[in-house]
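Student: Below is the file final-v1.txt, with compact mmCIF, C-alpha atoms.
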```txt
# COMPACT_ATOMS: atom_id res chain seq x y z
CA MET A 1 18.99 12.29 107.70
CA LYS A 2 20.87 12.07 104.39
CA THR A 3 17.82 10.40 102.83
CA PHE A 4 15.61 13.27 103.99
CA LYS A 5 17.98 15.83 102.46
CA LYS A 6 17.96 13.98 99.15
CA VAL A 7 14.16 13.86 99.11
CA PHE A 8 13.95 17.55 99.98
CA ILE A 9 16.39 18.50 97.23
CA LEU A 10 14.47 16.44 94.67
CA PHE A 11 11.19 18.06 95.75
CA ILE A 12 12.63 21.56 95.37
CA THR A 13 14.18 20.64 92.04
CA PHE A 14 10.85 19.57 90.56
CA GLN A 15 8.63 22.15 92.24
CA PHE A 16 10.79 25.24 91.77
CA PRO A 17 10.00 25.68 88.03
CA THR A 18 6.30 25.27 88.76
CA ILE A 19 6.44 27.93 91.48
CA ILE A 20 8.35 30.30 89.21
CA PHE A 21 5.94 29.66 86.31
CA SER A 22 2.93 30.26 88.57
CA GLN A 23 4.38 33.51 89.88
CA THR A 24 5.25 34.61 86.35
CA THR A 25 1.72 33.82 85.11
CA ASP A 26 0.17 35.74 88.01
CA SER A 27 2.42 38.72 87.30
CA ILE A 28 1.47 38.68 83.61
CA ASN A 29 -2.24 38.50 84.44
CA LEU A 30 -1.95 41.39 86.88
CA TYR A 31 -0.20 43.43 84.23
CA ARG A 32 -2.89 42.54 81.65
CA LYS A 33 -5.65 43.68 84.02
CA GLU A 34 -3.80 46.91 84.69
CA VAL A 35 -3.46 47.63 80.98
CA ILE A 36 -7.00 46.54 80.09
CA PHE A 37 -8.65 48.91 82.56
CA SER A 38 -6.20 51.78 82.03
CA LYS A 39 -8.35 53.05 79.14
CA ASN A 40 -12.04 53.29 78.29
CA HIS A 41 -14.02 50.58 76.47
CA ILE A 42 -16.87 50.12 73.99
CA SER A 43 -19.30 47.19 74.25
CA PHE A 44 -22.25 45.69 72.39
CA SER A 45 -25.02 43.82 74.21
CA ILE A 46 -28.21 41.88 73.55
CA HIS A 47 -30.68 40.41 76.02
CA GLY A 48 -34.02 38.70 76.13
CA SER A 49 -36.53 39.58 78.82
CA VAL A 50 -39.81 38.70 80.47
CA THR A 51 -42.03 41.68 81.24
CA THR A 52 -44.52 42.06 84.04
CA LYS A 53 -48.13 41.58 82.97
CA ALA A 54 -50.30 44.49 81.95
CA LYS A 55 -52.83 46.03 84.33
CA ILE A 56 -56.43 45.42 83.28
CA SER A 57 -59.24 47.63 84.62
CA LYS A 58 -62.56 46.03 83.71
CA THR A 59 -66.23 46.75 84.26
CA SER A 60 -67.23 43.07 84.26
CA GLU A 61 -65.70 39.68 85.07
CA LYS A 62 -67.38 38.25 81.99
CA TYR A 63 -65.05 36.61 79.45
CA ASN A 64 -62.25 36.31 82.07
CA VAL A 65 -60.25 39.20 80.64
CA GLY A 66 -56.64 39.32 81.88
CA SER A 67 -52.95 39.49 80.96
CA SER A 68 -49.74 37.53 81.56
CA PRO A 69 -45.96 38.22 81.42
CA GLN A 70 -44.63 38.48 77.87
CA PRO A 71 -41.23 38.29 76.12
CA GLY A 72 -39.11 41.19 74.95
CA TYR A 73 -35.63 41.98 73.69
CA GLU A 74 -33.08 44.79 73.73
CA PHE A 75 -29.88 45.75 71.87
CA GLY A 76 -27.32 48.21 73.16
CA LEU A 77 -24.09 50.10 72.50
CA ASP A 78 -22.25 51.27 75.63
CA TYR A 79 -19.20 53.37 76.47
CA HIS A 80 -17.29 52.38 79.63
CA ILE A 81 -15.41 55.12 81.48
CA ASN A 82 -12.96 53.18 83.67
CA PHE A 83 -11.82 54.99 86.79
CA ASN A 84 -9.62 52.04 87.81
CA GLN A 85 -9.67 48.23 87.76
CA SER A 86 -12.68 48.09 90.06
CA TYR A 87 -15.05 50.92 89.11
CA SER A 88 -16.57 52.26 85.89
CA LEU A 89 -19.26 54.66 84.74
CA ILE A 90 -21.20 53.23 81.78
CA VAL A 91 -23.32 55.32 79.40
CA GLY A 92 -25.09 54.00 76.33
CA ILE A 93 -27.84 54.04 73.77
CA HIS A 94 -30.25 51.08 73.58
CA THR A 95 -33.34 50.08 71.68
CA GLY A 96 -35.79 47.25 72.22
CA ALA A 97 -39.36 46.03 72.20
CA LEU A 98 -41.79 44.47 74.68
CA GLY A 99 -44.62 42.04 74.07
CA ARG A 100 -48.31 42.62 74.81
CA ASN A 101 -51.34 40.39 75.17
CA LEU A 102 -54.94 40.36 76.30
CA GLU A 103 -56.41 37.07 77.50
CA TYR A 104 -60.08 36.16 77.31
CA PHE A 105 -62.45 33.23 76.99
CA ILE A 106 -65.79 33.41 75.16
CA SER A 107 -68.08 30.40 75.09
CA LYS A 108 -69.33 29.42 71.65
CA ASN A 109 -72.88 29.65 73.04
CA GLU A 110 -72.53 33.42 73.51
CA PHE A 111 -73.13 33.76 69.77
CA ASN A 112 -76.40 33.30 67.90
CA PRO A 113 -76.27 30.93 66.17
CA PRO A 114 -73.59 29.21 68.33
CA MET A 115 -70.06 28.93 66.98
CA GLN A 116 -68.46 25.56 66.33
CA TYR A 117 -65.81 26.28 68.95
CA ASP A 118 -65.04 28.48 71.94
CA ILE A 119 -63.03 31.65 71.24
CA PHE A 120 -60.11 32.40 73.52
CA ASP A 121 -56.64 33.84 73.86
CA ASN A 122 -54.64 31.86 76.43
CA LYS A 123 -51.58 32.60 78.56
CA GLY A 124 -49.07 31.67 75.87
CA SER A 125 -46.30 33.87 74.52
CA SER A 126 -47.64 36.61 72.27
CA ARG A 127 -46.42 37.13 68.72
CA ASP A 128 -47.06 40.86 69.19
CA ILE A 129 -43.66 42.09 70.39
CA ASP A 130 -44.20 45.55 68.97
CA LEU A 131 -44.04 48.03 71.86
CA PHE A 132 -40.79 49.65 70.69
CA TYR A 133 -38.69 52.01 72.79
CA TYR A 134 -35.27 53.58 72.91
CA LYS A 135 -33.34 54.60 75.99
CA LEU A 136 -30.19 56.24 77.31
CA PRO A 137 -28.88 54.23 80.29
CA VAL A 138 -26.31 55.38 82.85
CA SER A 139 -24.80 52.87 85.30
CA VAL A 140 -22.07 52.55 87.91
CA GLU A 141 -20.25 49.20 87.83
CA LYS A 142 -18.19 47.48 90.52
CA ARG A 143 -15.92 44.55 89.55
CA PHE A 144 -14.61 41.68 91.67
CA PHE A 145 -11.69 39.76 90.14
CA LEU A 146 -11.52 35.98 90.35
CA LYS A 147 -8.77 33.57 89.33
CA LYS A 148 -7.74 32.86 85.73
CA MET A 149 -8.80 36.23 84.28
CA LYS A 150 -12.46 35.95 85.28
CA LEU A 151 -14.54 38.46 87.18
CA LEU A 152 -17.92 39.22 88.69
CA SER A 153 -19.63 42.58 88.25
CA LEU A 154 -22.49 44.46 89.89
CA ASN A 155 -24.10 47.55 88.42
CA ALA A 156 -26.97 49.90 89.11
CA GLY A 157 -28.33 53.03 87.48
CA LEU A 158 -31.18 54.69 85.64
CA SER A 159 -32.33 55.20 82.06
CA LEU A 160 -34.08 57.96 80.15
CA LEU A 161 -36.69 56.37 77.83
CA ASN A 162 -39.02 57.33 75.02
CA THR A 163 -41.21 55.60 72.45
CA PRO A 164 -42.70 56.54 69.09
CA ASP A 165 -46.00 58.38 69.56
CA ILE A 166 -48.21 55.84 67.76
CA GLY A 167 -51.53 54.09 68.12
CA ILE A 168 -52.14 50.38 67.56
CA GLU A 169 -55.67 49.47 66.47
CA ILE A 170 -56.77 45.88 67.13
CA LYS A 171 -59.78 44.05 65.68
CA SER A 172 -60.79 40.40 66.02
CA PHE A 173 -63.38 38.46 64.01
CA ALA A 174 -65.17 35.15 64.50
CA PHE A 175 -66.76 33.05 61.76
CA TYR A 176 -70.18 31.38 61.94
CA PRO A 177 -70.71 27.87 60.51
CA ASN A 178 -72.42 29.44 57.47
CA GLY A 179 -69.26 31.40 56.61
CA SER A 180 -70.39 34.86 57.73
CA SER A 181 -68.27 36.78 60.25
CA VAL A 182 -68.74 39.06 63.22
CA ASN A 183 -66.35 41.68 64.64
CA PHE A 184 -66.50 40.73 68.33
CA PHE A 185 -63.48 42.69 69.66
CA ASP A 186 -62.05 46.19 69.19
CA GLY A 187 -59.06 47.69 70.97
CA LEU A 188 -56.85 50.77 70.76
CA LEU A 189 -53.40 51.00 72.36
CA ILE A 190 -51.54 54.32 72.51
CA LEU A 191 -47.78 54.51 73.12
CA ASN A 192 -46.54 57.59 74.98
CA GLN A 193 -49.40 59.82 73.89
CA ASP A 194 -47.72 63.03 75.10
CA ALA A 195 -44.29 62.08 73.62
CA LYS A 196 -42.65 62.60 77.01
CA PHE A 197 -39.44 61.04 78.32
CA TRP A 198 -39.58 59.00 81.51
CA ILE A 199 -37.09 57.36 83.87
CA ASN A 200 -36.56 53.67 84.66
CA PHE A 201 -34.26 52.17 87.26
CA HIS A 202 -32.13 49.07 86.79
CA ILE A 203 -29.79 46.79 88.71
CA GLY A 204 -27.80 43.84 87.45
CA GLY A 205 -24.77 41.62 87.63
CA GLY A 206 -22.67 39.42 85.46
CA TYR A 207 -19.91 36.85 85.07
CA ALA A 208 -17.14 37.74 82.64
CA TRP A 209 -14.17 36.18 80.92
CA ILE A 210 -11.13 38.18 79.83
CA LEU A 211 -10.29 36.49 76.54
CA LYS A 212 -6.87 35.79 75.05
CA ASN A 213 -7.28 38.82 72.79
CA ASN A 214 -7.85 40.89 75.98
CA ASN A 215 -11.46 41.68 75.08
CA ILE A 216 -14.23 40.74 77.54
CA LEU A 217 -17.18 38.38 77.09
CA SER A 218 -19.92 38.67 79.73
CA ALA A 219 -23.15 36.89 80.68
CA ASN A 220 -25.49 39.30 82.45
CA LEU A 221 -28.68 39.35 84.50
CA ILE A 222 -30.65 42.59 84.67
CA ALA A 223 -33.78 43.75 86.47
CA ASN A 224 -35.58 46.85 85.22
CA LEU A 225 -38.15 48.79 87.27
CA SER A 226 -40.55 51.21 85.62
CA THR A 227 -43.13 53.33 87.44
CA THR A 228 -44.55 54.96 84.30
CA LYS A 229 -47.45 53.57 82.24
CA PHE A 230 -46.01 54.20 78.79
CA ALA A 231 -48.66 52.14 76.96
CA LYS A 232 -52.36 52.78 77.59
CA GLY A 233 -55.43 51.54 75.82
CA ILE A 234 -59.08 50.54 75.84
CA TYR A 235 -60.92 47.41 74.69
CA ASN A 236 -64.51 46.48 73.93
CA PHE A 237 -66.19 43.08 73.37
CA THR A 238 -69.37 43.52 71.33
CA ILE A 239 -71.21 40.28 70.60
CA PRO A 240 -74.67 40.63 68.99
CA GLY A 241 -77.40 40.01 71.56
CA GLN A 242 -74.98 40.28 74.54
CA THR A 243 -74.16 43.12 76.91
CA PRO A 244 -70.92 44.88 75.77
CA VAL A 245 -67.89 44.32 77.96
CA ASP A 246 -65.22 47.01 78.02
CA GLY A 247 -62.22 48.14 80.06
CA SER A 248 -58.76 49.70 79.97
CA TYR A 249 -55.24 48.34 79.53
CA SER A 250 -51.91 49.77 80.69
CA LEU A 251 -48.30 48.57 80.75
CA LYS A 252 -45.30 49.92 82.67
CA GLY A 253 -42.64 47.71 81.08
CA SER A 254 -40.73 46.42 84.10
CA PHE A 255 -38.80 43.26 83.24
CA ILE A 256 -36.14 40.71 84.14
CA GLY A 257 -33.61 39.94 81.42
CA LEU A 258 -30.72 37.64 80.61
CA GLY A 259 -28.14 38.52 77.98
CA VAL A 260 -24.58 38.66 76.72
CA SER A 261 -22.18 41.48 75.95
CA TYR A 262 -18.85 41.77 74.18
CA THR A 263 -16.41 44.50 75.18
CA PHE A 264 -13.65 45.87 72.97
CA THR A 265 -10.84 47.00 75.29
CA GLY A 266 -8.15 48.05 72.83
CA ALA A 267 -5.60 46.50 75.20
CA ASN A 268 -3.78 44.54 72.50
CA ASN A 269 -2.73 47.73 70.73
CA LEU A 270 -1.70 49.30 74.01
CA LEU A 271 0.38 46.25 74.99
CA ARG A 272 2.01 46.27 71.58
CA LYS A 273 2.92 49.94 71.90
CA ARG A 274 4.35 49.41 75.36
CA SER A 275 6.44 46.49 74.16
CA TYR A 276 8.03 48.87 71.64
CA GLY A 277 8.52 51.55 74.24
CA LYS A 278 5.74 53.79 72.92
CA LYS A 279 3.14 55.57 75.02
```
Represent the structure from my file as structure tokens, please.
Tutor:
Amino acid sequence: MKTFKKVFILFITFQFPTIIFSQTTDSINLYRKEVIFSKNHISFSIHGSVTTKAKISKTSEKYNVGSSPQPGYEFGLDYHINFNQSYSLIVGIHTGALGRNLEYFISKNEFNPPMQYDIFDNKGSSRDIDLFYYKLPVSVEKRFFLKKMKLLSLNAGLSLLNTPDIGIEIKSFAFYPNGSSVNFFDGLLILNQDAKFWINFHIGGGYAWILKNNNILSANLIANLSTTKFAKGIYNFTIPGQTPVDGSYSLKGSFIGLGVSYTFTGANNLLRKRSYGKK
């Protein structure tokens, strides 16, 4: 019995500081969270995206005209109105661009005289990431706190979007073996012809770390749904001696994106003021 008491006393002696330290750390973290979300925040974000493919309306299956998903990007500045530690309203101003492409395959024998090679645009990533837009997003965010100053977040909302009212003219040429050329493709793409605003819907989530400086670093996944065709165009393949092939092109701009954001909380200044007894 005496041996048991000695073992118990030794156990308490060694574990008691650890228990106190753990409780103290938890209390400090709880206080940090309270201070961090007691005021509003500003954040910067950037994400890359993959858009849905364009819709192609064609009068002929000749040349296998089509489209595929393309890359895009977006930058944003957001203001977080924190109601409490769990809920926020986020408003911002963002700008970005989406890619476009038109796929086709034309046999070299379609030309007279025949070309030295087939002419095609495949399903690769386009270098034409030039469908620019700007938007005003509004979201509601819900946070779920994890251990060690980490958290998960879910958000949903809508955005008001617009684009420059511009037209993009596209021409493609092929070269015969003798060095002469032929203009075999013409296209015209119009962005937001009526200069109207439209609404998109978005939903997303993220994993965040509250850093030692009490700012927040987040990795985010976002899905954007658009029901408006903001880019519309026409195309025409005209090869000498062949029947012209034409059609229309439209893009709504829905996408899935992955990005990062950095949030300035201002909590360090607030903690410093509180430590000096200031409000």
Student: So which residues fall inside 8 Å of (-35.4, 37.8, 75.3) if we count all atoms listed in the file? Mind giving them as a count of residues only?
Tutor: 11
Student: Excluding same-chain residues fewer than 4 positions from A:Ile166, what lies within 10 Å of it counting all atoms listed in the file, as a list in words?
Tutor: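 So, after excluding close chain neighbours, the residues are Leu131, Leu189, Ile190, Leu191, Asn192, Gln193, Ala195 and Ala231 of chain A.
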Student: Output C-alpha atoms for every residue in that selection, as a PDB file, in the coordinates of the input.
Tutor:
```pdb
ATOM      1  CA  LEU A 131     -44.040  48.030  71.860  1.00  0.00           C
ATOM      2  CA  LEU A 189     -53.400  51.000  72.360  1.00  0.00           C
ATOM      3  CA  ILE A 190     -51.540  54.320  72.510  1.00  0.00           C
ATOM      4  CA  LEU A 191     -47.780  54.510  73.120  1.00  0.00           C
ATOM      5  CA  ASN A 192     -46.540  57.590  74.980  1.00  0.00           C
ATOM      6  CA  GLN A 193     -49.400  59.820  73.890  1.00  0.00           C
ATOM      7  CA  ALA A 195     -44.290  62.080  73.620  1.00  0.00           C
ATOM      8  CA  ALA A 231     -48.660  52.140  76.960  1.00  0.00           C
TER       9      ALA A 231
END
```
Student: Would you mind telling me which residue in A:Arg127, A:Lys33, A:His94, A:Lys229 lies nearest to A:Lys252 when using only C-alpha atoms?
Tutor: A:Lys229
Student: Take atom CA of A:Ala219 and atom CA of A:Glu141 and report the distance between them in Å, one decimal.
Tutor: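 Spanning atom CA of A:Ala219 to atom CA of A:Glu141 is a straight-line distance of 14.5 Å.
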Student: How many Å lie between atom CA of A:Asn109 and atom CA of A:Gly187, rounded to one decimal?
Tutor: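 So the answer is 22.8 Å.
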Student: For A:Thr263, work out the shell of residues within 12 Å, counting only C-alpha atoms and skipping chain neighbours fewer than 5 positions away, then give it as a PDB file with C-alpha atoms, in the frame of the given file.
Tutor:
```pdb
ATOM      1  CA  ILE A  36      -7.000  46.540  80.090  1.00  0.00           C
ATOM      2  CA  PHE A  37      -8.650  48.910  82.560  1.00  0.00           C
ATOM      3  CA  ASN A  40     -12.040  53.290  78.290  1.00  0.00           C
ATOM      4  CA  HIS A  41     -14.020  50.580  76.470  1.00  0.00           C
ATOM      5  CA  ILE A  42     -16.870  50.120  73.990  1.00  0.00           C
ATOM      6  CA  SER A  43     -19.300  47.190  74.250  1.00  0.00           C
ATOM      7  CA  PHE A  44     -22.250  45.690  72.390  1.00  0.00           C
ATOM      8  CA  SER A  45     -25.020  43.820  74.210  1.00  0.00           C
ATOM      9  CA  GLY A  76     -27.320  48.210  73.160  1.00  0.00           C
ATOM     10  CA  LEU A  77     -24.090  50.100  72.500  1.00  0.00           C
ATOM     11  CA  ASP A  78     -22.250  51.270  75.630  1.00  0.00           C
ATOM     12  CA  TYR A  79     -19.200  53.370  76.470  1.00  0.00           C
ATOM     13  CA  HIS A  80     -17.290  52.380  79.630  1.00  0.00           C
ATOM     14  CA  ILE A  90     -21.200  53.230  81.780  1.00  0.00           C
ATOM     15  CA  ALA A 208     -17.140  37.740  82.640  1.00  0.00           C
ATOM     16  CA  TRP A 209     -14.170  36.180  80.920  1.00  0.00           C
ATOM     17  CA  ILE A 210     -11.130  38.180  79.830  1.00  0.00           C
ATOM     18  CA  LEU A 211     -10.290  36.490  76.540  1.00  0.00           C
ATOM     19  CA  ASN A 213      -7.280  38.820  72.790  1.00  0.00           C
ATOM     20  CA  ASN A 214      -7.850  40.890  75.980  1.00  0.00           C
ATOM     21  CA  ASN A 215     -11.460  41.680  75.080  1.00  0.00           C
ATOM     22  CA  ILE A 216     -14.230  40.740  77.540  1.00  0.00           C
ATOM     23  CA  LEU A 217     -17.180  38.380  77.090  1.00  0.00           C
ATOM     24  CA  SER A 218     -19.920  38.670  79.730  1.00  0.00           C
ATOM     25  CA  ALA A 219     -23.150  36.890  80.680  1.00  0.00           C
TER      26      ALA A 219
END
```
Student: Check the smallest atom-to-atom distance from each of A:Gly92, A:Gly247, A:Gly233, A:Gly205 to A:Asn220 using all atoms listed in the file, then report the winner.
Tutor: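 Checking each candidate against A:Asn220, we get A:Gly205 as the closest.
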Student: Which residue is closest to A:Asp121? Choose from A:Phe184, A:Phe105, A:Tyr133, A:Phe230 and count only C-alpha atoms.
Tutor: A:Phe105
